[in-house]
Each structure stands twice: as structure tokens, then as C-alpha cells.
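Below is the file entry.txt, which contains compact mmCIF, C-alpha atoms.
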```txt
# COMPACT_ATOMS: atom_id res chain seq x y z
CA MET E 30 6.56 50.17 -0.95
CA LYS E 31 4.15 49.33 1.85
CA ARG E 32 1.29 49.24 -0.66
CA ILE E 33 3.18 46.81 -2.91
CA PHE E 34 3.95 44.55 0.01
CA THR E 35 0.31 44.59 1.07
CA SER E 36 -0.79 43.67 -2.46
CA LEU E 37 1.66 40.78 -2.62
CA LEU E 38 0.52 39.54 0.77
CA LEU E 39 -3.11 39.73 -0.32
CA SER E 40 -2.32 37.86 -3.54
CA PHE E 41 -0.50 35.14 -1.65
CA THR E 42 -3.40 34.85 0.80
CA LEU E 43 -5.94 34.58 -2.01
CA ILE E 44 -3.88 31.87 -3.74
CA SER E 45 -3.55 29.92 -0.48
CA VAL E 46 -7.25 30.22 0.24
CA ALA E 47 -8.08 29.15 -3.32
CA GLN E 48 -5.85 26.07 -3.04
CA GLU E 49 -7.33 25.09 0.31
CA THR E 50 -10.84 25.65 -1.04
CA GLU E 51 -10.08 23.42 -4.03
CA LYS E 52 -8.67 20.75 -1.75
CA ASN E 53 -11.70 20.87 0.51
CA THR E 54 -14.06 20.83 -2.47
CA ASN E 55 -12.30 17.89 -4.09
CA ASN E 56 -12.38 15.77 -0.94
CA ALA E 57 -15.18 17.56 0.82
CA ALA E 58 -16.15 16.22 4.22
CA MET E 59 -16.70 12.76 2.83
CA SER E 60 -16.44 9.70 4.99
CA ILE E 61 -17.36 6.03 4.86
CA PRO E 62 -21.09 5.85 4.04
CA ALA E 63 -23.22 4.65 6.94
CA GLY E 64 -23.68 0.90 6.80
CA TYR E 65 -21.25 0.42 3.92
CA TYR E 66 -19.40 -2.43 5.64
CA ASN E 67 -22.32 -3.87 7.63
CA SER E 68 -22.14 -7.20 5.80
CA ALA E 69 -18.38 -7.57 6.42
CA THR E 70 -18.87 -9.85 9.43
CA GLY E 71 -16.52 -12.76 8.74
CA THR E 72 -12.83 -13.39 9.10
CA GLY E 73 -10.19 -14.85 6.80
CA TYR E 74 -11.20 -15.53 3.22
CA VAL E 75 -14.89 -15.34 4.11
CA LEU E 76 -14.34 -11.68 4.95
CA LYS E 77 -12.44 -11.19 1.69
CA THR E 78 -15.40 -12.50 -0.32
CA GLN E 79 -17.82 -10.34 1.66
CA LEU E 80 -15.70 -7.30 0.87
CA ALA E 81 -15.56 -8.31 -2.80
CA THR E 82 -19.36 -8.26 -2.91
CA ILE E 83 -19.56 -4.87 -1.20
CA ILE E 84 -17.06 -3.15 -3.52
CA THR E 85 -18.46 -4.78 -6.66
CA ASN E 86 -22.13 -3.93 -6.11
CA ASN E 87 -23.18 -0.66 -7.80
CA TYR E 88 -19.68 -0.17 -9.27
CA ASN E 89 -19.69 2.63 -11.85
CA ASP E 90 -17.11 2.15 -14.61
CA ARG E 91 -16.14 5.62 -15.83
CA GLY E 92 -14.11 4.29 -18.75
CA TYR E 93 -10.43 4.59 -19.54
CA SER E 94 -10.62 8.20 -20.72
CA GLY E 95 -12.61 9.00 -17.58
CA LEU E 96 -9.54 8.29 -15.46
CA TYR E 97 -8.12 11.68 -16.37
CA THR E 98 -11.30 13.29 -15.04
CA THR E 99 -11.10 11.25 -11.83
CA TYR E 100 -7.48 12.33 -11.35
CA LEU E 101 -8.56 15.97 -11.19
CA THR E 102 -9.96 15.23 -7.73
CA SER E 103 -8.09 12.08 -6.68
CA ASP E 104 -4.46 12.83 -7.53
CA LYS E 105 -3.54 16.46 -6.96
CA ASP E 106 -0.67 17.43 -4.71
CA PHE E 107 -2.05 19.08 -1.59
CA TYR E 108 0.31 17.15 0.67
CA TYR E 109 3.91 17.89 -0.32
CA GLU E 110 4.39 21.00 -2.48
CA ASN E 111 0.70 21.75 -1.89
CA ASP E 112 0.34 23.37 -5.30
CA GLY E 113 -2.37 21.27 -6.94
CA THR E 114 -0.06 19.73 -9.53
CA LEU E 115 -0.25 16.05 -10.53
CA LEU E 116 0.70 13.73 -7.69
CA ASP E 117 2.75 10.93 -9.21
CA MET E 118 4.21 8.28 -6.88
CA TYR E 119 7.07 7.62 -9.31
CA THR E 120 8.35 11.22 -9.45
CA GLU E 121 7.19 12.81 -6.17
CA GLN E 122 9.98 14.01 -3.88
CA PRO E 123 8.32 14.25 -0.44
CA THR E 124 11.04 16.48 1.00
CA GLY E 125 12.34 18.30 -2.07
CA ALA E 126 11.61 19.73 -5.47
CA GLU E 127 10.79 17.53 -8.46
CA CYS E 128 9.59 17.90 -12.01
CA GLU E 129 5.89 18.65 -11.98
CA PHE E 130 3.01 18.09 -14.36
CA THR E 131 -0.07 20.29 -14.51
CA TYR E 132 -3.21 18.49 -15.63
CA GLY E 133 -3.96 19.25 -19.26
CA THR E 134 -0.34 20.12 -19.98
CA GLY E 135 2.02 17.25 -20.77
CA GLN E 136 -0.66 14.56 -21.08
CA ASP E 137 0.55 11.68 -23.22
CA ASP E 138 -0.23 12.31 -26.89
CA GLY E 139 1.97 9.61 -28.36
CA THR E 140 5.08 11.78 -28.51
CA LEU E 141 8.09 12.17 -26.22
CA GLY E 142 8.48 10.15 -23.04
CA ASN E 143 12.04 9.04 -23.74
CA ASN E 144 13.08 10.93 -20.62
CA GLU E 145 11.43 11.74 -17.31
CA CYS E 146 9.26 14.83 -16.95
CA GLU E 147 8.14 14.99 -20.60
CA ARG E 148 4.71 13.32 -20.54
CA TYR E 149 2.33 11.73 -18.03
CA ASN E 150 -0.03 8.83 -18.61
CA ARG E 151 -1.87 6.08 -16.69
CA GLU E 152 -0.07 3.34 -14.77
CA HIS E 153 -1.72 0.00 -14.01
CA THR E 154 -0.12 -1.04 -10.73
CA VAL E 155 -1.26 -4.54 -11.71
CA PRO E 156 -0.11 -4.50 -15.36
CA GLN E 157 -2.93 -4.67 -17.86
CA SER E 158 -1.25 -7.62 -19.59
CA TYR E 159 -2.20 -9.71 -16.55
CA PHE E 160 -5.92 -9.29 -17.21
CA GLY E 161 -5.77 -8.82 -20.97
CA SER E 162 -6.62 -5.10 -20.84
CA ALA E 163 -10.21 -6.12 -20.10
CA THR E 164 -12.78 -3.90 -18.44
CA PRO E 165 -13.63 -2.93 -15.78
CA MET E 166 -10.08 -3.60 -14.52
CA TYR E 167 -8.63 -1.49 -17.33
CA SER E 168 -10.21 1.70 -15.98
CA ASP E 169 -10.42 1.11 -12.21
CA ALA E 170 -8.92 4.19 -10.56
CA HIS E 171 -8.34 2.37 -7.27
CA PHE E 172 -5.27 0.74 -8.81
CA VAL E 173 -4.72 2.71 -12.06
CA VAL E 174 -2.86 5.91 -11.20
CA PRO E 175 -1.30 8.90 -12.99
CA SER E 176 2.37 8.36 -13.77
CA ASP E 177 5.36 9.80 -15.56
CA LYS E 178 5.33 8.11 -18.97
CA HIS E 179 9.04 7.28 -18.99
CA VAL E 180 9.10 5.79 -15.48
CA ASN E 181 5.97 3.80 -16.30
CA ALA E 182 7.77 2.31 -19.29
CA GLN E 183 10.85 1.49 -17.21
CA ARG E 184 8.72 -0.41 -14.74
CA GLY E 185 6.97 -2.27 -17.55
CA ASP E 186 5.29 -5.48 -16.37
CA THR E 187 7.71 -6.22 -13.54
CA PRO E 188 6.23 -7.02 -10.11
CA TYR E 189 6.90 -4.81 -7.11
CA GLY E 190 9.63 -5.96 -4.76
CA LYS E 191 12.76 -5.10 -2.79
CA VAL E 192 15.60 -4.26 -5.20
CA ASN E 193 18.99 -5.77 -4.40
CA ALA E 194 21.05 -4.44 -7.34
CA ALA E 195 19.45 -1.61 -9.32
CA ASN E 196 19.95 -1.38 -13.09
CA TRP E 197 17.84 1.78 -13.37
CA THR E 198 16.82 4.48 -10.87
CA SER E 199 14.34 7.34 -11.33
CA LEU E 200 14.92 10.90 -10.21
CA ASN E 201 12.94 10.38 -7.01
CA GLY E 202 14.66 7.10 -6.13
CA SER E 203 12.20 4.52 -7.46
CA LYS E 204 14.25 1.72 -8.95
CA ARG E 205 14.26 -1.44 -11.02
CA GLY E 206 16.58 -4.39 -10.59
CA SER E 207 16.98 -7.90 -9.20
CA ASN E 208 14.88 -8.73 -6.16
CA LEU E 209 16.65 -9.13 -2.81
CA ASN E 210 16.25 -12.85 -2.22
CA SER E 211 16.44 -12.66 1.57
CA GLY E 212 14.66 -11.08 4.52
CA TYR E 213 11.01 -10.25 3.97
CA SER E 214 11.42 -10.53 0.17
CA ALA E 215 13.03 -14.00 0.18
CA GLY E 216 11.91 -16.49 -2.45
CA PHE E 217 12.38 -14.59 -5.73
CA SER E 218 15.48 -13.32 -7.55
CA GLY E 219 13.96 -11.99 -10.79
CA THR E 220 13.51 -8.37 -11.83
CA VAL E 221 11.26 -6.15 -9.67
CA PHE E 222 10.35 -2.48 -9.34
CA GLU E 223 10.65 -0.75 -5.96
CA PRO E 224 8.82 2.54 -5.22
CA ILE E 225 10.15 4.92 -2.58
CA ASP E 226 9.22 4.25 1.06
CA GLU E 227 6.61 7.04 1.10
CA PHE E 228 4.33 5.11 -1.26
CA LYS E 229 5.03 1.44 -0.54
CA GLY E 230 1.97 1.07 1.65
CA ASP E 231 -0.19 2.91 -0.89
CA ILE E 232 0.80 0.48 -3.63
CA ALA E 233 0.43 -2.57 -1.36
CA ARG E 234 -3.14 -1.58 -0.51
CA MET E 235 -3.91 -1.00 -4.21
CA LEU E 236 -2.83 -4.55 -5.04
CA LEU E 237 -4.72 -6.01 -2.08
CA TYR E 238 -7.79 -4.14 -3.38
CA PHE E 239 -7.30 -5.65 -6.84
CA ALA E 240 -7.06 -9.18 -5.41
CA THR E 241 -10.28 -8.61 -3.48
CA ARG E 242 -12.36 -6.71 -6.05
CA TYR E 243 -11.59 -9.22 -8.81
CA GLU E 244 -11.13 -12.38 -6.75
CA SER E 245 -13.62 -14.40 -8.81
CA GLN E 246 -11.55 -13.72 -11.95
CA LEU E 247 -8.04 -14.25 -10.57
CA ALA E 248 -7.81 -17.91 -11.60
CA GLY E 249 -8.69 -16.98 -15.20
CA PHE E 250 -6.16 -14.16 -15.25
CA TYR E 251 -3.44 -16.48 -13.97
CA THR E 252 -4.19 -19.20 -16.51
CA SER E 253 -4.33 -16.93 -19.54
CA THR E 254 -1.26 -14.77 -18.97
CA SER E 255 2.44 -15.43 -19.50
CA SER E 256 3.49 -12.04 -18.18
CA GLU E 257 6.37 -11.79 -15.72
CA VAL E 258 3.96 -10.17 -13.26
CA LYS E 259 2.39 -13.64 -12.98
CA ALA E 260 5.08 -14.32 -10.36
CA MET E 261 3.14 -12.12 -7.96
CA PHE E 262 0.05 -14.33 -7.97
CA ASP E 263 -0.72 -17.97 -7.22
CA GLY E 264 -3.88 -18.52 -9.27
CA THR E 265 -6.21 -18.85 -6.28
CA SER E 266 -9.17 -16.63 -5.51
CA ASP E 267 -8.60 -16.58 -1.75
CA HIS E 268 -4.88 -16.44 -0.91
CA SER E 269 -4.35 -14.67 -4.28
CA PHE E 270 -0.62 -13.96 -4.08
CA SER E 271 2.47 -16.14 -4.11
CA ASN E 272 4.03 -16.36 -0.65
CA THR E 273 6.99 -14.11 -1.47
CA PHE E 274 4.94 -11.26 -2.86
CA LEU E 275 2.20 -11.50 -0.27
CA ASN E 276 4.87 -11.11 2.39
CA ILE E 277 6.27 -8.06 0.60
CA LEU E 278 2.82 -6.45 0.43
CA LEU E 279 1.99 -7.25 4.05
CA THR E 280 5.34 -5.85 5.16
CA TRP E 281 4.87 -2.64 3.18
CA ASN E 282 1.34 -2.29 4.52
CA GLN E 283 2.76 -2.30 8.05
CA GLN E 284 5.82 -0.15 7.33
CA ASP E 285 3.86 2.61 5.58
CA PRO E 286 0.48 3.11 7.33
CA VAL E 287 -2.58 4.70 5.71
CA SER E 288 -2.04 8.42 5.09
CA GLN E 289 -4.43 11.35 4.78
CA ARG E 290 -3.61 11.45 1.10
CA GLU E 291 -4.89 7.88 0.70
CA ILE E 292 -8.05 8.64 2.67
CA ASP E 293 -8.76 11.67 0.47
CA ARG E 294 -8.03 9.68 -2.68
CA ASN E 295 -10.33 6.88 -1.57
CA ASN E 296 -13.14 9.41 -1.06
CA ALA E 297 -12.53 11.04 -4.44
CA VAL E 298 -12.52 7.72 -6.31
CA TYR E 299 -15.66 6.65 -4.45
CA ALA E 300 -17.40 9.81 -5.64
CA ARG E 301 -16.69 8.76 -9.23
CA GLN E 302 -16.85 4.94 -9.14
CA ASN E 303 -19.19 4.35 -6.22
CA ASN E 304 -16.87 1.84 -4.55
CA ARG E 305 -14.08 2.05 -1.99
CA ASN E 306 -10.77 0.46 -1.06
CA PRO E 307 -11.64 -1.35 2.19
CA PHE E 308 -8.00 -1.65 3.25
CA ILE E 309 -7.77 2.12 3.52
CA ASP E 310 -11.04 2.45 5.42
CA HIS E 311 -10.34 -0.51 7.72
CA ASN E 312 -6.69 -1.45 7.56
CA GLU E 313 -7.27 -4.18 10.13
CA TYR E 314 -9.03 -6.16 7.39
CA VAL E 315 -5.59 -6.92 5.91
CA THR E 316 -4.52 -8.84 9.02
CA GLN E 317 -7.94 -10.43 9.47
CA ILE E 318 -7.74 -11.89 5.95
CA TRP E 319 -4.05 -12.66 5.38
CA GLY E 320 -2.50 -12.42 8.85
CA LEU E 321 0.81 -10.77 9.71
CA PRO E 322 3.93 -10.80 7.55
CA LEU E 323 5.65 -14.16 7.66
CA ALA E 324 8.77 -14.78 9.69
CA THR E 325 12.02 -14.18 7.87
CA PRO E 326 12.84 -17.68 6.60
CA THR E 327 16.62 -17.25 6.52
CA PHE E 328 17.03 -16.15 10.14
CA ASP E 329 17.27 -19.57 11.77
CA THR E 330 18.29 -18.35 15.23
CA LEU E 331 15.03 -16.49 15.64
CA ASN E 332 13.00 -19.39 14.31
CA THR E 333 14.35 -21.60 17.11
CA ILE E 334 12.87 -19.34 19.80
CA SER E 335 10.48 -21.11 22.17
CA VAL E 336 7.49 -19.49 23.88
CA TYR E 337 6.08 -21.20 26.98
CA PRO E 338 3.71 -21.95 28.53
CA ASN E 339 1.37 -21.49 25.61
CA PRO E 340 -1.54 -21.30 26.32
CA SER E 341 -0.89 -19.50 29.60
CA THR E 342 -3.01 -18.03 32.35
CA ASP E 343 -0.54 -15.25 33.16
CA VAL E 344 3.21 -15.26 32.43
CA ILE E 345 4.64 -15.92 28.96
CA ASN E 346 8.35 -16.85 28.82
CA ILE E 347 10.45 -16.38 25.70
CA SER E 348 13.59 -18.50 25.50
CA SER E 349 16.12 -17.23 22.95
CA GLU E 350 19.81 -17.65 22.21
CA THR E 351 19.69 -14.30 20.40
CA ALA E 352 19.31 -10.94 22.14
CA LEU E 353 16.09 -9.26 21.05
CA ASP E 354 15.83 -5.58 20.19
CA GLN E 355 12.08 -5.40 20.48
CA ILE E 356 9.02 -7.39 21.53
CA GLU E 357 5.57 -6.43 20.26
CA ILE E 358 2.27 -7.87 21.40
CA MET E 359 -0.48 -7.36 18.82
CA THR E 360 -4.15 -8.16 18.67
CA ILE E 361 -5.53 -10.24 15.79
CA ASN E 362 -6.61 -6.94 14.20
CA GLY E 363 -3.00 -5.80 14.02
CA GLN E 364 -3.28 -3.28 16.87
CA VAL E 365 -0.07 -2.99 18.89
CA LEU E 366 -1.00 -3.66 22.52
CA GLN E 367 2.53 -3.44 23.93
CA GLN E 368 5.88 -2.46 22.42
CA ILE E 369 8.91 -3.35 24.53
CA LYS E 370 12.19 -1.95 23.24
CA SER E 371 15.50 -3.35 24.52
CA PRO E 372 13.72 -5.89 26.76
CA VAL E 373 15.43 -7.27 29.86
CA PHE E 374 17.27 -10.50 29.04
CA GLU E 375 17.96 -12.84 31.98
CA ASN E 376 19.29 -16.39 31.60
CA ASN E 377 18.40 -16.38 27.91
CA THR E 378 14.77 -15.73 28.84
CA TYR E 379 12.32 -12.83 28.56
CA SER E 380 9.09 -12.75 30.55
CA ILE E 381 5.81 -10.97 29.85
CA SER E 382 2.93 -10.81 32.30
CA ASN E 383 -0.38 -9.09 33.02
CA LEU E 384 -1.84 -9.66 29.58
CA PRO E 385 -5.65 -9.73 29.44
CA LYS E 386 -7.36 -12.89 28.23
CA GLY E 387 -7.27 -13.31 24.48
CA PHE E 388 -5.41 -14.48 21.39
CA TYR E 389 -2.33 -12.45 20.36
CA PHE E 390 0.53 -12.27 17.90
CA LEU E 391 3.97 -11.98 19.48
CA LYS E 392 6.47 -10.28 17.13
CA LEU E 393 10.11 -10.72 18.14
CA SER E 394 12.76 -8.61 16.40
CA SER E 395 16.56 -8.64 16.30
CA ASN E 396 18.46 -6.28 14.01
CA THR E 397 16.43 -6.18 10.77
CA ASN E 398 14.91 -9.64 11.23
CA SER E 399 11.77 -10.76 13.00
CA VAL E 400 9.62 -13.77 13.74
CA THR E 401 5.95 -13.91 14.77
CA LYS E 402 4.49 -16.37 17.28
CA LYS E 403 0.87 -16.98 18.28
CA ILE E 404 0.00 -16.95 21.98
CA LEU E 405 -3.19 -17.57 23.96
CA ILE E 406 -3.95 -16.19 27.41
CA ASN E 407 -6.78 -18.06 29.16
```
Kindly return the structure encoded in the file as C-alpha cells.
Amino acid sequence: MKRIFTSLLLSFTLISVAQETEKNTNNAAMSIPAGYYNSATGTGYVLKTQLATIITNNYNDRGYSGLYTTYLTSDKDFYYENDGTLLDMYTEQPTGAECEFTYGTGQDDGTLGNNECERYNREHTVPQSYFGSATPMYSDAHFVVPSDKHVNAQRGDTPYGKVNAANWTSLNGSKRGSNLNSGYSAGFSGTVFEPIDEFKGDIARMLLYFATRYESQLAGFYTSTSSEVKAMFDGTSDHSFSNTFLNILLTWNQQDPVSQREIDRNNAVYARQNNRNPFIDHNEYVTQIWGLPLATPTFDTLNTISVYPNPSTDVINISSETALDQIEIMTINGQVLQQIKSPVFENNTYSISNLPKGFYFLKLSSNTNSVTKKILIN
């Protein structure tokens, strides 16, 4: 009996070592190449164009069929079940069991897919109808990911958003339905697809990558398509997104920070395509280009808040008729300098002092709503 137990323990150890070895081999000790972002010196849309040049130069298109080869290193599950199966954002259950695909088994062959867990294929997070299935967009692994075939079909060409009333829900909780036309997703009431919270930031950064990598072609895409996903974009090369959907992406980017899985995936795709997603490497670029999420437009009581004196040499006063749950002071790079929960409220006024000289964003939150103000300390 002791010998059997020892053999089982040895087998388990060997399997664990093999999985860890594969993980380390797939994403081996890779980091941002020295000097890769040296020319990213601007701010705003100038920075966006600089990044577009960086991630376009020396791009290696591996072709549509090559995506499945890329996925062997970029999209294996070494983070949840840790078993090396396909990591699909539409079926993954971060805290529980789910149906699993093993690469090479269940790949879409034109059959099945009328139910979840039957076949997997390739999902364009920006639907291919938007860019006419043209290359190199068609095969860019930074925004084309492995996906359950059935869930992919249920999403269709709908933009990503915050679902108000779901008309379909996947096994892991991803859902499709009418967009919640309030809060951070205000401004659109059509059909959207909402991934689970675990992957909202991942998807946001994929779309921000797309808008940067292909910025010079965005106007052409917008003009030539009639797809419903057109609602996400505004036809410009700089701002890129309509206000509603930019705010959704910026909010998701903040709510779901860059994970180790994204870092590893970025490295693996770089090894194949020779370009990177800059918003994973330097998430502060998001704020430097597009700023912070917009204030919630329906929460009038927060929008009437006054901040004074501004500019100031020391004390900043915040006059509000609404009690605030939290005050955050952030740098222009999105770094949280101070986070004050349940701040002291005296005579309808909050006071903040001892801030170093500089330009800051002041985020004021009450319940699930927030507003952002700009302040300057001289």
C-alpha cells in the first residue's frame, strides 16, 4: 500500500512539474524588449500615433490558420484549473469547474456548435465584418482569441457593453441583451454582449489595441461597414470610439487591472507576431491618451459639486450637497496617490491638504456613481 501511494505521489509530482515546465517554456522569462517604447514620448493622440508606429513596424502576420498555433502558447489555462486546457474567456469559470477543450480535440470542423462545449473556434473581439475580413486584422492574435463556437455565434457582431435585461446567458455568466442606458454605459440602449468581470479589462485592452494598431484605417472601416458593431466607433483615427463605448472600455480597464495571464499572453503573441499590446505593458498609456472614464451623466447631484480654490497652493475644498463615500486623488498617469474612504464631511465641505505640486484628477464617488474633476496645485 505504501508503495502504491508513493507511486501515485511521484506521478502527481511529475505531472505538476511537467505542467509548470510547459508554462515556463511557453512564456519563458520574456519581458518588454529593451528600447521597445523609446519613441513613445508624447501624450494624448500624439502618443497613440507613436504607439501605432511601434506596434506596426516589423509586424509578422502568421495567417488565420496560424492562430491555432499561436494559441498553443498564448491561451492555455495555467491560471485557474492550471491544466493546460484551452483558456476561453466566454466559458472559463474562475472559481469553479467548466466544460473544457483540449487543443486538437473539438476544433471547429463545420459540424456541431449548436450548444456550448461542442466545438471551439476563433473569436474576433472586433467583429471581422467591421473591417471586411481583411488582413492583417483578420489574423491578429492580440484581439482574435479562442472561443466556444456556440457562445461566439450568440455574441455575433454585437458590441460589448453593460447588459440591463439579458435575453441569453452562457454557462459562465457571459450574457447578451439590451445595454443599460445609465451609469457608465449611458448613451446606448441597443443589444450588447457582456463578458464576466474577470475578463472585462482583458477585452477592453484588446479593443484599445485594435484602435491604436489600425488607427490609420479606422475611418475607412467606419465608412464601409453597416454592422451593428459600428456603434462602438466614431470614424476618427484619434478618439476612435463613440463616447458611450469609450467610457465602457475605460471603466473596464480600471475595474479589471492587467493580470499575469495577460502579461504572459502578450509575451507569447509577441514571440509569434513580433508586436505587443502597449496597454498591457504600460497601462498608464490608456489614461495618457484618452483620460479617465467620464463622469456619470445622469447623476446631477455629483455634477454640481464645486472644487475651490482651483488652482490652489495648498488646501482644496470640495463643496457637495451629497455625502461622498470615497475621494481619490490620481496622477495624470492614473496612479492613485490618495484614497480616502468615508471622508469627514463638515458643513457640506471636504478639505484636502498637503498635496505636492502638480496636476491631478480628483475622483469623487457616492454609491455606484462618480464624477472626476481636474485640480492644479502650484
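Around range 311-320 of chain E, within 8 Å and counting only C-alpha atoms, the residues found are Thr72, Gly73, Tyr74, Leu76, Lys77, His268, Leu279, Val287, Pro307, Phe308, Ile361, Asn362, Gly363 and Gln364 of chain E, once anything fewer than 3 positions away on its own chain is removed.
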File of the preceding selection, C-alpha atoms, as a CSV table (one decimal), keeping the file's coordinate frame:
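Output contents, as saved in selection09.csv:
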```
chain,number,residue,atom,x,y,z
E,72,THR,CA,-12.8,-13.4,9.1
E,73,GLY,CA,-10.2,-14.8,6.8
E,74,TYR,CA,-11.2,-15.5,3.2
E,76,LEU,CA,-14.3,-11.7,5.0
E,77,LYS,CA,-12.4,-11.2,1.7
E,268,HIS,CA,-4.9,-16.4,-0.9
E,279,LEU,CA,2.0,-7.2,4.0
E,287,VAL,CA,-2.6,4.7,5.7
E,307,PRO,CA,-11.6,-1.4,2.2
E,308,PHE,CA,-8.0,-1.6,3.2
E,361,ILE,CA,-5.5,-10.2,15.8
E,362,ASN,CA,-6.6,-6.9,14.2
E,363,GLY,CA,-3.0,-5.8,14.0
E,364,GLN,CA,-3.3,-3.3,16.9
```
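For the pair CA of Asn86 in chain E and CA of Arg234 in chain E, the separation is 19.9 Å.
When CA of Ala194 in chain E is paired with CA of Gly212 in chain E, their separation reads 15.0 Å.
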Residue neighbourhood Gly206 in chain E, 9 Å, all atoms listed in the file, exclusion window fewer than 4 positions, as a VMD selection string: chain E and resid 191 to 198 219 to 223
Which of E:Tyr119, E:Phe388, E:Tyr299, E:Phe130 sits closest to Thr102 in chain E [using all atoms listed in the file]: E:Tyr299
Can you list every residue of range 224-296 of chain E that has an atom at most 12 Å from range 144-162 of chain E, with its nearest atom pair and the distance in Å to one decimal, using only C-alpha atoms, ordered by chain then number, as a Markdown table?
```
| residue | atom | partner | partner_atom | distance |
| --- | --- | --- | --- | --- |
| E:Pro224 | CA | E:Thr154 | CA | 11.1 |
| E:Lys229 | CA | E:Thr154 | CA | 11.7 |
| E:Asp231 | CA | E:Thr154 | CA | 10.6 |
| E:Ile232 | CA | E:Thr154 | CA | 7.3 |
| E:Ala233 | CA | E:Thr154 | CA | 9.5 |
| E:Arg234 | CA | E:Thr154 | CA | 10.7 |
| E:Met235 | CA | E:Thr154 | CA | 7.5 |
| E:Leu236 | CA | E:Val155 | CA | 6.9 |
| E:Leu237 | CA | E:Val155 | CA | 10.3 |
| E:Tyr238 | CA | E:Val155 | CA | 10.6 |
| E:Phe239 | CA | E:Val155 | CA | 7.8 |
| E:Ala240 | CA | E:Val155 | CA | 9.7 |
| E:Tyr243 | CA | E:Phe160 | CA | 10.1 |
| E:Gln246 | CA | E:Phe160 | CA | 8.9 |
| E:Leu247 | CA | E:Phe160 | CA | 8.6 |
| E:Ala248 | CA | E:Phe160 | CA | 10.5 |
| E:Gly249 | CA | E:Phe160 | CA | 8.4 |
| E:Phe250 | CA | E:Phe160 | CA | 5.3 |
| E:Tyr251 | CA | E:Tyr159 | CA | 7.4 |
| E:Thr252 | CA | E:Tyr159 | CA | 9.7 |
| E:Ser253 | CA | E:Tyr159 | CA | 8.1 |
| E:Thr254 | CA | E:Tyr159 | CA | 5.7 |
| E:Ser255 | CA | E:Tyr159 | CA | 7.9 |
| E:Ser256 | CA | E:Tyr159 | CA | 6.4 |
| E:Glu257 | CA | E:Tyr159 | CA | 8.9 |
| E:Val258 | CA | E:Tyr159 | CA | 7.0 |
| E:Lys259 | CA | E:Tyr159 | CA | 7.0 |
| E:Ala260 | CA | E:Tyr159 | CA | 10.6 |
| E:Met261 | CA | E:Val155 | CA | 9.5 |
| E:Phe262 | CA | E:Tyr159 | CA | 10.0 |
| E:Gly264 | CA | E:Tyr159 | CA | 11.6 |
```
With all atoms listed in the file as the counted atoms, please give the residues lying no more than 7 Å from Leu115 in chain E, apart from itself and same-chain residues fewer than 2 positions off, as a CSV table (one decimal) with C-alpha atoms, in the frame of the given file.
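Produced file around-v6.csv, reproduced below:
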```csv
chain,number,residue,atom,x,y,z
E,104,ASP,CA,-4.5,12.8,-7.5
E,105,LYS,CA,-3.5,16.5,-7.0
E,106,ASP,CA,-0.7,17.4,-4.7
E,113,GLY,CA,-2.4,21.3,-6.9
E,117,ASP,CA,2.8,10.9,-9.2
E,129,GLU,CA,5.9,18.6,-12.0
E,130,PHE,CA,3.0,18.1,-14.4
E,131,THR,CA,-0.1,20.3,-14.5
E,132,TYR,CA,-3.2,18.5,-15.6
```
